[in-house]
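Visitor: Submitted below is the structure of interest, expressed as structure tokens.
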Amino acid sequence: MITLHDKVFEPFILEDEILDRIGTIGTSLSAEYAGKNPLFIAVLNGSFMVASDLMKSMSIPCEISFVKVSSYHGTSSTGRVDELIGLNTDIKARHIILLEDIVDTGVTVDKVVKLLSVAEPASVKTCTLLFKPDAFKGKKSPDYIGFTVPELFVVGYGLDYDELGRNLRDIYKLKED
Ligand code: 5GP
């Protein structure tokens, strides 16, 4: 068990299992995207570890770019405006694999897909290490899912609790009292 800030977490998905599953996904993606030079777009901060291990499991030429999603108040009456920061590659006519650490309600992934679609990519598929189907409110589940998890708060392997825990090799879940 580990403590981060004021909370206690217990082991949930171990590194070996994570790497094994990512290896399987890498094999599938390598087959599906052979000859297409896919561009991974990983959403920071949480996805840096899965991005690293997934890239290592790809056996075909592929590229990666990292983005952040920011939301700011526009000057018009439209309310909040979403913006993708850091995408400096032209994605027109490219095959995009959007990579997330975790899809919860699906709001983030939805936003990013919408923002990317404006630039006319050839295709966009989504891949997430963790998926919480019970919290999901989107229309379409991610195309590639590492693990389906219940509505628990998890940390480790890139995921944080108030910035701590990203360095952990395993995934931990919040310990219930
Ligand atoms: P969504 O937009 O799908 O509701 O959630 C997106 C973001 O919420 C994720 O990228 C992640 O930052 C955060 N999140 C959702 N569930 C968890 C969780 O169990 N643990 C951590 N560390 N972050 C989570």
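By order of appearance in the structure tokens: chains A, B, ..., then residues from 1 within every chain, and ligands from 1 in the order shown.
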I need the residues of chain A that end up classed as alpha helix (DSSP H) by DSSP on the backbone, written out as a ChimeraX atom specification.
Guide: /A:15-32,48-56,107-117
Visitor: Please return as a ChimeraX atom specification the residues found within 6 Å of ligand 1, counting only C-alpha atoms and all ligand atoms.
Guide: /A:102-108,152-155,159-161
Visitor: For the selection just defined, write its residues with C-alpha atoms to a file, as a compact mmCIF listing (two decimals), in the first residue's frame.
Guide:
# COMPACT_ATOMS: atom_id res chain seq x y z
CA ILE A 102 -8.06 7.03 -19.04
CA VAL A 103 -11.49 7.69 -20.48
CA ASP A 104 -14.00 8.45 -17.76
CA THR A 105 -17.05 10.48 -18.88
CA GLY A 106 -15.57 10.73 -22.37
CA VAL A 107 -15.79 14.53 -22.44
CA THR A 108 -12.05 15.04 -23.01
CA LEU A 152 -12.76 3.82 -8.87
CA PHE A 153 -10.12 6.49 -8.53
CA VAL A 154 -6.82 5.14 -9.80
CA VAL A 155 -3.24 6.42 -9.84
CA LEU A 159 -1.94 8.94 -13.60
CA ASP A 160 -1.81 11.30 -10.64
CA TYR A 161 -3.55 12.25 -7.47
Visitor: Residues at most 9 Å from A:Gly146, counting only C-alpha atoms, excluding those fewer than 2 positions away in the same chain, as a ChimeraX atom specification?
Guide: /A:18,21-22,25,127-131,144,148
Visitor: Could those selected residues go to a file with N, CA and C atoms, as a PDB file, in the first residue's frame?
Guide:
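File again23.pdb, as written:
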ATOM      1  N   ILE A  18       0.145  -4.732 -17.372  1.00  0.00           N
ATOM      2  CA  ILE A  18       0.006  -3.521 -18.196  1.00  0.00           C
ATOM      3  C   ILE A  18       0.835  -3.679 -19.468  1.00  0.00           C
ATOM      4  N   ARG A  21      -0.540  -6.254 -21.918  1.00  0.00           N
ATOM      5  CA  ARG A  21      -1.735  -5.778 -22.637  1.00  0.00           C
ATOM      6  C   ARG A  21      -1.346  -4.743 -23.700  1.00  0.00           C
ATOM      7  N   ILE A  22      -0.435  -3.861 -23.349  1.00  0.00           N
ATOM      8  CA  ILE A  22       0.011  -2.844 -24.317  1.00  0.00           C
ATOM      9  C   ILE A  22       0.698  -3.529 -25.496  1.00  0.00           C
ATOM     10  N   ILE A  25      -1.957  -4.761 -27.812  1.00  0.00           N
ATOM     11  CA  ILE A  25      -2.555  -3.645 -28.566  1.00  0.00           C
ATOM     12  C   ILE A  25      -1.590  -3.179 -29.658  1.00  0.00           C
ATOM     13  N   CYS A 127      -7.627   5.270 -28.554  1.00  0.00           N
ATOM     14  CA  CYS A 127      -7.029   4.174 -27.796  1.00  0.00           C
ATOM     15  C   CYS A 127      -6.812   4.676 -26.374  1.00  0.00           C
ATOM     16  N   THR A 128      -7.249   3.915 -25.406  1.00  0.00           N
ATOM     17  CA  THR A 128      -7.051   4.334 -24.018  1.00  0.00           C
ATOM     18  C   THR A 128      -6.565   3.162 -23.184  1.00  0.00           C
ATOM     19  N   LEU A 129      -5.691   3.446 -22.241  1.00  0.00           N
ATOM     20  CA  LEU A 129      -5.221   2.372 -21.368  1.00  0.00           C
ATOM     21  C   LEU A 129      -6.367   1.896 -20.468  1.00  0.00           C
ATOM     22  N   LEU A 130      -7.093   2.851 -19.888  1.00  0.00           N
ATOM     23  CA  LEU A 130      -8.179   2.492 -18.972  1.00  0.00           C
ATOM     24  C   LEU A 130      -9.491   3.104 -19.436  1.00  0.00           C
ATOM     25  N   PHE A 131     -10.569   2.387 -19.225  1.00  0.00           N
ATOM     26  CA  PHE A 131     -11.895   2.857 -19.640  1.00  0.00           C
ATOM     27  C   PHE A 131     -12.879   2.538 -18.521  1.00  0.00           C
ATOM     28  N   TYR A 144      -9.732   1.107 -29.041  1.00  0.00           N
ATOM     29  CA  TYR A 144      -8.794   0.182 -28.393  1.00  0.00           C
ATOM     30  C   TYR A 144      -8.766   0.480 -26.902  1.00  0.00           C
ATOM     31  N   THR A 148     -10.826  -2.396 -18.865  1.00  0.00           N
ATOM     32  CA  THR A 148     -12.084  -1.800 -18.445  1.00  0.00           C
ATOM     33  C   THR A 148     -12.094  -1.840 -16.916  1.00  0.00           C
TER      34      THR A 148
END
Visitor: Among stretch 27-93 of chain A, which residues does DSSP mark as strand (DSSP E) when it is run on the backbone? Keep the chain and numbering as in the structure and answer as a list in words.
Guide: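 Going through stretch 27-93 of chain A, the strand (DSSP E) residues come out as Leu39, Phe40, Ile41, Ala42, Val43, Glu63, Ile64, Ser65, Phe66, Val67, Lys68, Val69, Ser70, Ser71, Tyr72, His73, Arg80, Val81, Asp82, Glu83, Leu84 and Ile85 of chain A.
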Visitor: Ranking A:Thr126, A:Ser59, A:Ser47, A:Ser52 by minimum distance to A:Thr27 and counting only C-alpha atoms, which one comes first?
Guide: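 Of the candidates, the smallest distance to A:Thr27 is held by A:Ser59.
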